[in-house]
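Peer 1: Sharing protein37.cif (mmCIF, C-alpha atoms) below.
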```
data_upload
#
loop_
_atom_site.label_atom_id
_atom_site.label_comp_id
_atom_site.auth_asym_id
_atom_site.auth_seq_id
_atom_site.Cartn_x
_atom_site.Cartn_y
_atom_site.Cartn_z
CA MET M 148 -74.41 -57.82 133.78
CA PRO M 149 -76.01 -57.87 137.25
CA GLU M 150 -73.65 -57.58 140.22
CA ASN M 151 -75.16 -60.65 141.94
CA PRO M 152 -76.90 -62.88 139.40
CA PRO M 153 -80.17 -64.18 140.83
CA ALA M 154 -81.24 -67.77 141.17
CA PRO M 155 -83.50 -68.78 138.28
CA TYR M 156 -86.77 -66.90 138.32
CA ARG M 157 -89.66 -66.29 135.97
CA LEU M 158 -91.87 -63.32 135.24
CA ARG M 159 -95.60 -63.88 135.17
CA ASP M 160 -98.92 -62.13 135.65
CA ALA M 161 -99.75 -61.61 139.31
CA GLU M 162 -102.64 -63.50 140.89
CA ALA M 163 -104.69 -62.67 143.98
CA LYS M 164 -102.90 -65.40 145.95
CA ASP M 165 -99.59 -63.52 145.42
CA CYS M 166 -100.83 -60.64 147.56
CA ALA M 167 -99.95 -62.59 150.73
CA ALA M 168 -96.28 -62.18 149.66
CA ILE M 169 -96.65 -58.78 147.98
CA ALA M 170 -98.10 -57.06 151.07
CA PRO M 171 -95.10 -57.66 153.40
CA LEU M 172 -92.66 -56.86 150.58
CA TYR M 173 -94.39 -53.51 150.06
CA ALA M 174 -94.71 -52.95 153.83
CA HIS M 175 -90.92 -52.78 154.04
CA TYR M 176 -90.98 -49.75 151.71
CA VAL M 177 -93.89 -48.11 153.54
CA LEU M 178 -92.27 -48.44 156.95
CA ASN M 179 -88.62 -47.83 156.07
CA THR M 180 -88.26 -45.70 152.94
CA LEU M 181 -89.43 -42.57 151.16
CA VAL M 182 -90.09 -44.31 147.83
CA THR M 183 -93.77 -44.48 148.68
CA PHE M 184 -95.73 -41.82 150.47
CA GLU M 185 -98.03 -44.34 152.12
CA GLU M 186 -97.48 -44.41 155.86
CA ILE M 187 -99.60 -47.39 156.89
CA PRO M 188 -98.85 -50.70 155.15
CA PRO M 189 -101.90 -52.07 153.35
CA ALA M 190 -103.03 -55.58 154.23
CA ALA M 191 -102.97 -58.41 151.70
CA GLU M 192 -106.71 -57.91 151.09
CA GLU M 193 -106.13 -54.29 150.09
CA MET M 194 -103.28 -55.30 147.80
CA ALA M 195 -105.62 -57.86 146.21
CA ARG M 196 -108.18 -55.09 145.66
CA ARG M 197 -105.50 -52.94 144.00
CA LEU M 198 -104.39 -55.86 141.83
CA GLN M 199 -107.96 -56.45 140.72
CA ALA M 200 -108.41 -52.75 139.87
CA VAL M 201 -105.23 -52.69 137.76
CA GLN M 202 -106.24 -55.84 135.90
CA ALA M 203 -109.83 -54.60 135.45
CA ALA M 204 -108.37 -51.50 133.76
CA GLY M 205 -106.68 -53.84 131.28
CA LEU M 206 -103.20 -53.14 132.61
CA PRO M 207 -100.40 -55.49 133.66
CA TRP M 208 -99.27 -56.41 137.16
CA LEU M 209 -96.26 -58.71 137.02
CA VAL M 210 -94.31 -60.69 139.60
CA ALA M 211 -90.82 -62.15 139.53
CA GLU M 212 -91.08 -65.58 141.11
CA ALA M 213 -88.42 -68.06 142.17
CA GLU M 214 -88.63 -71.30 144.05
CA GLY M 215 -88.38 -69.31 147.29
CA GLY M 216 -91.34 -67.06 146.47
CA ILE M 217 -91.95 -63.58 145.11
CA LEU M 218 -88.74 -61.60 144.49
CA GLY M 219 -90.44 -58.43 143.29
CA TYR M 220 -93.32 -56.98 141.33
CA ALA M 221 -94.17 -54.22 138.90
CA TYR M 222 -97.42 -52.81 137.63
CA ALA M 223 -98.90 -50.00 135.61
CA ARG M 224 -101.99 -48.08 136.55
CA PRO M 225 -103.83 -45.22 134.87
CA TYR M 226 -101.85 -42.02 135.28
CA HIS M 227 -104.99 -39.99 136.01
CA ASP M 228 -108.71 -40.68 135.87
CA ARG M 229 -109.67 -38.06 133.28
CA SER M 230 -110.30 -39.52 129.84
CA ALA M 231 -107.65 -37.46 128.04
CA TYR M 232 -105.01 -39.40 130.00
CA ARG M 233 -106.30 -42.80 128.78
CA PHE M 234 -103.11 -43.60 126.83
CA THR M 235 -100.78 -42.70 129.71
CA VAL M 236 -99.82 -45.01 132.57
CA GLU M 237 -97.77 -44.69 135.75
CA ASN M 238 -95.42 -47.48 136.73
CA SER M 239 -94.38 -48.91 140.07
CA VAL M 240 -91.69 -51.50 140.77
CA TYR M 241 -90.67 -53.02 144.10
CA LEU M 242 -88.06 -55.66 144.88
CA ALA M 243 -87.38 -57.65 148.01
CA PRO M 244 -84.26 -55.94 149.44
CA ALA M 245 -82.20 -59.14 149.19
CA HIS M 246 -82.65 -59.06 145.41
CA PHE M 247 -81.37 -55.57 144.54
CA ARG M 248 -78.83 -55.19 141.72
CA ARG M 249 -79.49 -58.57 140.18
CA GLY M 250 -81.31 -57.45 137.05
CA ILE M 251 -84.75 -58.39 138.33
CA GLY M 252 -86.08 -54.82 138.42
CA LEU M 253 -84.76 -54.27 134.90
CA ALA M 254 -86.46 -57.46 133.69
CA LEU M 255 -89.76 -56.59 135.40
CA MET M 256 -89.77 -53.07 133.99
CA GLY M 257 -88.77 -54.24 130.51
CA GLU M 258 -91.68 -56.67 130.46
CA LEU M 259 -94.02 -54.02 131.89
CA ILE M 260 -93.03 -51.55 129.16
CA ALA M 261 -93.60 -54.20 126.47
CA ALA M 262 -96.97 -55.19 127.94
CA CYS M 263 -98.20 -51.59 128.14
CA SER M 264 -97.02 -50.89 124.58
CA ALA M 265 -98.85 -53.99 123.36
CA ARG M 266 -102.01 -52.67 125.05
CA GLY M 267 -101.84 -49.43 123.06
CA ARG M 268 -100.50 -47.16 125.78
CA ARG M 269 -98.33 -44.29 124.47
CA GLN M 270 -96.62 -42.75 127.53
CA MET M 271 -95.34 -44.13 130.81
CA MET M 272 -94.72 -41.90 133.81
CA ALA M 273 -92.52 -42.63 136.79
CA VAL M 274 -93.43 -40.68 139.90
CA ILE M 275 -90.39 -41.33 142.05
CA GLY M 276 -90.83 -40.57 145.72
CA ASP M 277 -87.64 -39.17 147.24
CA GLY M 278 -86.12 -37.29 144.34
CA ALA M 279 -82.70 -38.42 145.62
CA ASN M 280 -83.50 -42.11 144.99
CA GLN M 281 -80.64 -42.78 142.58
CA ASN M 282 -81.41 -46.51 142.32
CA SER M 283 -84.87 -45.89 140.88
CA ILE M 284 -83.79 -42.91 138.80
CA GLY M 285 -80.90 -44.94 137.36
CA LEU M 286 -83.15 -47.90 136.56
CA HIS M 287 -85.61 -45.66 134.76
CA ARG M 288 -82.85 -43.84 132.83
CA ARG M 289 -81.44 -47.18 131.73
CA LEU M 290 -84.87 -48.02 130.30
CA GLY M 291 -85.14 -44.80 128.29
CA PHE M 292 -87.00 -42.57 130.74
CA ARG M 293 -86.02 -38.92 130.91
CA ALA M 294 -86.45 -36.49 133.76
CA VAL M 295 -89.33 -34.10 133.06
CA GLY M 296 -89.72 -32.35 136.38
CA GLU M 297 -89.26 -32.18 140.09
CA LEU M 298 -91.98 -31.51 142.61
CA ARG M 299 -90.41 -29.89 145.64
CA SER M 300 -91.55 -30.75 149.17
CA VAL M 301 -94.87 -32.30 148.13
CA GLY M 302 -94.67 -35.19 150.60
CA PHE M 303 -94.17 -35.18 154.34
CA LYS M 304 -92.93 -38.45 155.83
CA PHE M 305 -90.64 -39.40 158.71
CA GLY M 306 -90.77 -35.81 159.96
CA ARG M 307 -89.40 -34.19 156.84
CA TRP M 308 -90.47 -32.77 153.49
CA VAL M 309 -89.80 -34.99 150.49
CA ASP M 310 -89.40 -34.18 146.79
CA VAL M 311 -90.70 -36.21 143.85
CA MET M 312 -88.89 -36.75 140.55
CA LEU M 313 -91.07 -37.10 137.45
CA MET M 314 -89.73 -39.18 134.58
CA GLN M 315 -91.38 -40.08 131.27
CA ARG M 316 -90.90 -42.61 128.48
CA GLU M 317 -92.69 -42.95 125.18
CA LEU M 318 -94.32 -46.29 124.45
CA GLY M 319 -95.05 -47.68 121.01
CA SER M 320 -95.27 -44.78 118.57
CA GLY M 321 -95.48 -42.28 121.42
CA ALA M 322 -97.07 -39.03 120.28
CA GLY M 323 -97.14 -40.17 116.66
CA PRO M 324 -100.29 -41.07 114.74
#
```
What does this structure look like when you write it as structure tokens?
Peer 2:
Amino acid sequence: MPENPPAPYRLRDAEAKDCAAIAPLYAHYVLNTLVTFEEIPPAAEEMARRLQAVQAAGLPWLVAEAEGGILGYAYARPYHDRSAYRFTVENSVYLAPAHFRRGIGLALMGELIAACSARGRRQMMAVIGDGANQNSIGLHRRLGFRAVGELRSVGFKFGRWVDVMLMQRELGSGAGP
């Protein structure tokens, strides 16, 4: 049970108009945290371009929406460009800080996993910036991800070297036929 149950919200596919709310939500993470290695917050137009690219690849980008606006979002993108990776995706999930520990991230990720499975993807990767990010690691573990590696000191942000935790979860029949 979430610590602070949220007001009613719904999950839906993101639309270009949502990027006006998504951009400042993401900017908080860019400017204040190590969970993303971006250092300059992208404008709403850039977020709309990214949304379009994800959707053009046939992958989901979801938002959690309440009467007050966008509470968070999650999306999957191709893990790598080379064709052999075509069944593997990488996930991202971001919540407005006021909505942590309310089950919204869990709901977004659960729906994202289901949507990627339904689209025939077989593996989902989590590339977690700041290998000490126990909130993200815990969320992913709760959803069946397992740690598969750590990349030491691969990012440099806020004047220090930052590790990355790699986690993986099978989708659908995974490596099966």
Peer 1: Apply the PyMOL selection byres ((chain M and resi 283-293) around 6) to the file shown and report the selected residues as number ranges by chain.
Peer 2: M: 280-282, 294, 314-316
Peer 1: Got a sec: who's within 12 Å of Glu186 in chain M, counting all atoms listed in the file, leaving out chain neighbours fewer than 3 positions off, as a short mmCIF file (atom, residue, chain, number, x, y, z; two decimals) with C-alpha atoms, in the frame of the given file?
Peer 2:
```cif
data_model
loop_
_atom_site.label_atom_id
_atom_site.label_comp_id
_atom_site.auth_asym_id
_atom_site.auth_seq_id
_atom_site.Cartn_x
_atom_site.Cartn_y
_atom_site.Cartn_z
CA TYR M 173 -94.39 -53.51 150.06
CA ALA M 174 -94.71 -52.95 153.83
CA HIS M 175 -90.92 -52.78 154.04
CA TYR M 176 -90.98 -49.75 151.71
CA VAL M 177 -93.89 -48.11 153.54
CA LEU M 178 -92.27 -48.44 156.95
CA ASN M 179 -88.62 -47.83 156.07
CA THR M 180 -88.26 -45.70 152.94
CA LEU M 181 -89.43 -42.57 151.16
CA VAL M 182 -90.09 -44.31 147.83
CA THR M 183 -93.77 -44.48 148.68
CA PRO M 189 -101.90 -52.07 153.35
CA GLY M 302 -94.67 -35.19 150.60
CA PHE M 303 -94.17 -35.18 154.34
CA LYS M 304 -92.93 -38.45 155.83
CA PHE M 305 -90.64 -39.40 158.71
CA GLY M 306 -90.77 -35.81 159.96
#
```
Peer 1: I would like the residues chosen by the PyMOL selection byres ((chain M and resi 192) around 12) on the shown file; could you give them as JSON, numbers by chain?
Peer 2: {"M": [163, 164, 165, 166, 167, 168, 169, 170, 171, 188, 189, 190, 191, 193, 194, 195, 196, 197, 198, 199]}
Peer 1: Mind checking which residues fall within 7 Å of Ala322 in chain M, counting all atoms listed in the file, ignoring those fewer than 2 positions away in the same chain, and posting them as a list of chain:residue names?
Peer 2: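 With the cut-off at 7 Å, the set is M:Arg269, M:Ser320, M:Pro324.
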Peer 1: Would you mind exporting C-alpha atoms of the selected residues as a PDB file, in the frame of the given file?
Peer 2:
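out35.pdb, freshly written:
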```
ATOM      1  CA  ARG M 269     -98.330 -44.290 124.470  1.00  0.00           C
ATOM      2  CA  SER M 320     -95.270 -44.780 118.570  1.00  0.00           C
ATOM      3  CA  PRO M 324    -100.290 -41.070 114.740  1.00  0.00           C
TER       4      PRO M 324
END
```
Peer 1: List every protein, DNA or RNA residue that has at least one atom no more than 9 Å from (-85.0, -58.0, 149.2) in the file's coordinates, counting only C-alpha atoms, and write the result as a VMD selection string.
Peer 2: chain M and resid 172 218 to 219 242 to 247
Peer 1: With the PyMOL selection byres ((chain M and resi 311) around 9) as the selection, what would be picked from this file? Answer as a PyMOL selection string, please.
Peer 2: chain M and resi 274-279+296-302+309-310+312-313
Peer 1: Work out how far CA of Pro207 in chain M is from CA of Ala265 in chain M, in Å to one decimal.
Peer 2: 10.5 Å
Peer 1: Calculate how many Å separate CA of Met271 in chain M from CA of Arg307 in chain M, rounding to one decimal.
Peer 2: 28.5 Å
Peer 1: Hey, can you check how far CA of Asp228 in chain M sits from CA of Ile187 in chain M?
Peer 2: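 CA of Ile187 in chain M lies 23.9 Å from CA of Asp228 in chain M.
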Peer 1: Select, from M:Arg268, M:Met256, M:Gly321, M:Pro155, the residue with the minimum atom-to-atom distance to Trp208 in chain M, counting only C-alpha atoms.
Peer 2: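 When distances to Trp208 in chain M are compared using only C-alpha atoms, the smallest one comes from M:Met256.
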Peer 1: In terms of the shortest atom-to-atom distance over only C-alpha atoms, which of M:Leu259, M:Ala200, M:Leu318, M:Asn238 is closest to Asp160 in chain M?
Peer 2: M:Leu259
Peer 1: Which residues are close to Val236 in chain M, i.e. within 7 Å by only C-alpha atoms, leaving aside same-chain residues fewer than 4 positions away? Reply as a JSON list (two decimals) with C-alpha atoms, in the coordinates of the input.
Peer 2:
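The resulting selection_7.json:
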```json
[["chain", "number", "residue", "atom", "x", "y", "z"],
["M", 223, "ALA", "CA", -98.90, -50.00, 135.61],
["M", 224, "ARG", "CA", -101.99, -48.08, 136.55],
["M", 225, "PRO", "CA", -103.83, -45.22, 134.87],
["M", 226, "TYR", "CA", -101.85, -42.02, 135.28],
["M", 270, "GLN", "CA", -96.62, -42.75, 127.53],
["M", 271, "MET", "CA", -95.34, -44.13, 130.81],
["M", 272, "MET", "CA", -94.72, -41.90, 133.81]]
```
Peer 1: With all atoms listed in the file as the atoms that count, which of M:Gly319, M:Gly205, M:Gly267, M:Gly250 lies nearest to Tyr222 in chain M?
Peer 2: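 Result for the nearest residue to Tyr222 in chain M: M:Gly205.
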Peer 1: Tell me which of M:Arg229, M:Phe184, M:Glu258, M:Glu214 sits closest to Leu158 in chain M, counting only C-alpha atoms.
Peer 2: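 Residue with the minimum atom-to-atom distance to Leu158 in chain M: M:Glu258.
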Peer 1: Compare M:Ala213, M:Ala161, M:Cys263, M:Ala203 by their minimum atom-to-atom distance to Ile251 in chain M, counting all atoms listed in the file, and give me the closest one.
Peer 2: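 With all atoms listed in the file as the atom set, the closest residue is M:Ala213.
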Peer 1: First collect every listed atom of range 256-273 of chain M; then fit an axis-aligned box around them, widen it by 5 Å on each side, and give centre and edge lengths in Å to one decimal, as AutoDock Vina command-line options.
Peer 2:
```
--center_x -95.4 --center_y -49.3 --center_z 129.9 --size_x 23.2 --size_y 24.8 --size_z 23.7
```
Peer 1: Please write a file for range 163-208 of chain M, taken from the block I just shared, that holds N, CA and C atoms and is laid out as an mmCIF file, in the first residue's frame.
Peer 2:
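Result went into result_11.cif, see below:
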```cif
data_model
loop_
_atom_site.group_PDB
_atom_site.id
_atom_site.type_symbol
_atom_site.label_atom_id
_atom_site.label_comp_id
_atom_site.auth_asym_id
_atom_site.auth_seq_id
_atom_site.Cartn_x
_atom_site.Cartn_y
_atom_site.Cartn_z
ATOM 1 N N ALA M 163 1.597 15.213 -27.631
ATOM 2 C CA ALA M 163 2.548 16.320 -27.781
ATOM 3 C C ALA M 163 2.230 17.470 -26.831
ATOM 4 N N LYS M 164 0.950 17.744 -26.603
ATOM 5 C CA LYS M 164 0.579 18.858 -25.718
ATOM 6 C C LYS M 164 1.060 18.640 -24.283
ATOM 7 N N ASP M 165 1.292 17.375 -23.878
ATOM 8 C CA ASP M 165 1.765 17.076 -22.530
ATOM 9 C C ASP M 165 3.194 17.537 -22.296
ATOM 10 N N CYS M 166 3.932 17.767 -23.360
ATOM 11 C CA CYS M 166 5.345 18.114 -23.219
ATOM 12 C C CYS M 166 5.548 19.455 -22.533
ATOM 13 N N ALA M 167 4.550 20.329 -22.533
ATOM 14 C CA ALA M 167 4.648 21.586 -21.787
ATOM 15 C C ALA M 167 4.733 21.315 -20.289
ATOM 16 N N ALA M 168 4.145 20.217 -19.815
ATOM 17 C CA ALA M 168 4.235 19.834 -18.400
ATOM 18 C C ALA M 168 5.388 18.864 -18.152
ATOM 19 N N ILE M 169 5.693 18.030 -19.129
ATOM 20 C CA ILE M 169 6.775 17.050 -18.984
ATOM 21 C C ILE M 169 8.131 17.745 -18.895
ATOM 22 N N ALA M 170 8.354 18.772 -19.704
ATOM 23 C CA ALA M 170 9.670 19.437 -19.736
ATOM 24 C C ALA M 170 10.074 20.000 -18.371
ATOM 25 N N PRO M 171 9.238 20.759 -17.672
ATOM 26 C CA PRO M 171 9.680 21.257 -16.358
ATOM 27 C C PRO M 171 9.794 20.143 -15.308
ATOM 28 N N LEU M 172 8.980 19.111 -15.416
ATOM 29 C CA LEU M 172 9.094 17.976 -14.501
ATOM 30 C C LEU M 172 10.476 17.338 -14.664
ATOM 31 N N TYR M 173 10.872 17.090 -15.915
ATOM 32 C CA TYR M 173 12.174 16.499 -16.192
ATOM 33 C C TYR M 173 13.311 17.467 -15.833
ATOM 34 N N ALA M 174 13.103 18.762 -16.043
ATOM 35 C CA ALA M 174 14.133 19.759 -15.738
ATOM 36 C C ALA M 174 14.558 19.678 -14.275
ATOM 37 N N HIS M 175 13.620 19.386 -13.395
ATOM 38 C CA HIS M 175 13.966 19.223 -11.978
ATOM 39 C C HIS M 175 15.063 18.166 -11.816
ATOM 40 N N TYR M 176 14.922 17.041 -12.511
ATOM 41 C CA TYR M 176 15.900 15.954 -12.410
ATOM 42 C C TYR M 176 17.231 16.341 -13.039
ATOM 43 N N VAL M 177 17.170 17.041 -14.167
ATOM 44 C CA VAL M 177 18.399 17.467 -14.843
ATOM 45 C C VAL M 177 19.201 18.407 -13.949
ATOM 46 N N LEU M 178 18.523 19.363 -13.343
ATOM 47 C CA LEU M 178 19.202 20.410 -12.586
ATOM 48 C C LEU M 178 19.564 20.024 -11.149
ATOM 49 N N ASN M 179 18.894 19.016 -10.587
ATOM 50 C CA ASN M 179 19.050 18.747 -9.165
ATOM 51 C C ASN M 179 19.461 17.337 -8.783
ATOM 52 N N THR M 180 19.534 16.420 -9.742
ATOM 53 C CA THR M 180 19.800 15.031 -9.376
ATOM 54 C C THR M 180 20.821 14.399 -10.319
ATOM 55 N N LEU M 181 21.233 13.197 -9.949
ATOM 56 C CA LEU M 181 22.139 12.402 -10.772
ATOM 57 C C LEU M 181 21.407 11.287 -11.510
ATOM 58 N N VAL M 182 20.092 11.270 -11.486
ATOM 59 C CA VAL M 182 19.355 10.179 -12.141
ATOM 60 C C VAL M 182 19.383 10.293 -13.656
ATOM 61 N N THR M 183 19.670 11.474 -14.158
ATOM 62 C CA THR M 183 19.905 11.647 -15.587
ATOM 63 C C THR M 183 21.261 12.311 -15.750
ATOM 64 N N PHE M 184 21.935 11.966 -16.810
ATOM 65 C CA PHE M 184 23.240 12.570 -17.061
ATOM 66 C C PHE M 184 23.137 13.782 -17.985
ATOM 67 N N GLU M 185 21.928 14.169 -18.348
ATOM 68 C CA GLU M 185 21.777 15.434 -19.068
ATOM 69 C C GLU M 185 22.110 16.555 -18.099
ATOM 70 N N GLU M 186 22.678 17.631 -18.630
ATOM 71 C CA GLU M 186 23.057 18.755 -17.778
ATOM 72 C C GLU M 186 22.337 20.041 -18.144
ATOM 73 N N ILE M 187 21.704 20.056 -19.300
ATOM 74 C CA ILE M 187 20.922 21.209 -19.742
ATOM 75 C C ILE M 187 19.496 20.718 -19.990
ATOM 76 N N PRO M 188 18.525 21.262 -19.287
ATOM 77 C CA PRO M 188 17.143 20.785 -19.465
ATOM 78 C C PRO M 188 16.640 21.041 -20.884
ATOM 79 N N PRO M 189 16.085 20.014 -21.515
ATOM 80 C CA PRO M 189 15.523 20.211 -22.850
ATOM 81 C C PRO M 189 14.210 20.990 -22.780
ATOM 82 N N ALA M 190 13.982 21.793 -23.788
ATOM 83 C CA ALA M 190 12.738 22.564 -23.889
ATOM 84 C C ALA M 190 11.579 21.632 -24.250
ATOM 85 N N ALA M 191 10.381 22.137 -24.105
ATOM 86 C CA ALA M 191 9.177 21.363 -24.425
ATOM 87 C C ALA M 191 9.203 20.870 -25.869
ATOM 88 N N GLU M 192 9.738 21.664 -26.779
ATOM 89 C CA GLU M 192 9.805 21.263 -28.189
ATOM 90 C C GLU M 192 10.715 20.047 -28.372
ATOM 91 N N GLU M 193 11.810 20.001 -27.645
ATOM 92 C CA GLU M 193 12.707 18.854 -27.715
ATOM 93 C C GLU M 193 12.046 17.627 -27.104
ATOM 94 N N MET M 194 11.330 17.814 -26.011
ATOM 95 C CA MET M 194 10.614 16.685 -25.406
ATOM 96 C C MET M 194 9.547 16.168 -26.377
ATOM 97 N N ALA M 195 8.908 17.053 -27.094
ATOM 98 C CA ALA M 195 7.909 16.634 -28.094
ATOM 99 C C ALA M 195 8.585 15.845 -29.215
ATOM 100 N N ARG M 196 9.791 16.243 -29.613
ATOM 101 C CA ARG M 196 10.526 15.498 -30.629
ATOM 102 C C ARG M 196 10.858 14.099 -30.113
ATOM 103 N N ARG M 197 11.277 14.001 -28.863
ATOM 104 C CA ARG M 197 11.598 12.704 -28.270
ATOM 105 C C ARG M 197 10.349 11.826 -28.174
ATOM 106 N N LEU M 198 9.247 12.408 -27.772
ATOM 107 C CA LEU M 198 7.981 11.680 -27.701
ATOM 108 C C LEU M 198 7.618 11.123 -29.070
ATOM 109 N N GLN M 199 7.729 11.951 -30.077
ATOM 110 C CA GLN M 199 7.401 11.522 -31.442
ATOM 111 C C GLN M 199 8.309 10.385 -31.884
ATOM 112 N N ALA M 200 9.588 10.451 -31.540
ATOM 113 C CA ALA M 200 10.540 9.394 -31.930
ATOM 114 C C ALA M 200 10.197 8.071 -31.240
ATOM 115 N N VAL M 201 9.847 8.120 -29.970
ATOM 116 C CA VAL M 201 9.464 6.911 -29.237
ATOM 117 C C VAL M 201 8.221 6.298 -29.869
ATOM 118 N N GLN M 202 7.217 7.126 -30.121
ATOM 119 C CA GLN M 202 5.974 6.621 -30.699
ATOM 120 C C GLN M 202 6.181 6.138 -32.128
ATOM 121 N N ALA M 203 7.043 6.793 -32.893
ATOM 122 C CA ALA M 203 7.328 6.353 -34.263
ATOM 123 C C ALA M 203 8.023 4.989 -34.268
ATOM 124 N N ALA M 204 8.736 4.682 -33.198
ATOM 125 C CA ALA M 204 9.394 3.372 -33.075
ATOM 126 C C ALA M 204 8.403 2.294 -32.608
ATOM 127 N N GLY M 205 7.148 2.690 -32.415
ATOM 128 C CA GLY M 205 6.130 1.737 -31.990
ATOM 129 C C GLY M 205 6.188 1.408 -30.510
ATOM 130 N N LEU M 206 6.739 2.311 -29.724
ATOM 131 C CA LEU M 206 6.908 2.069 -28.293
ATOM 132 C C LEU M 206 6.028 3.019 -27.479
ATOM 133 N N PRO M 207 5.734 2.643 -26.237
ATOM 134 C CA PRO M 207 4.842 3.453 -25.414
ATOM 135 C C PRO M 207 5.544 4.580 -24.666
ATOM 136 N N TRP M 208 4.830 5.679 -24.526
ATOM 137 C CA TRP M 208 5.186 6.785 -23.632
ATOM 138 C C TRP M 208 3.889 7.097 -22.893
#
```
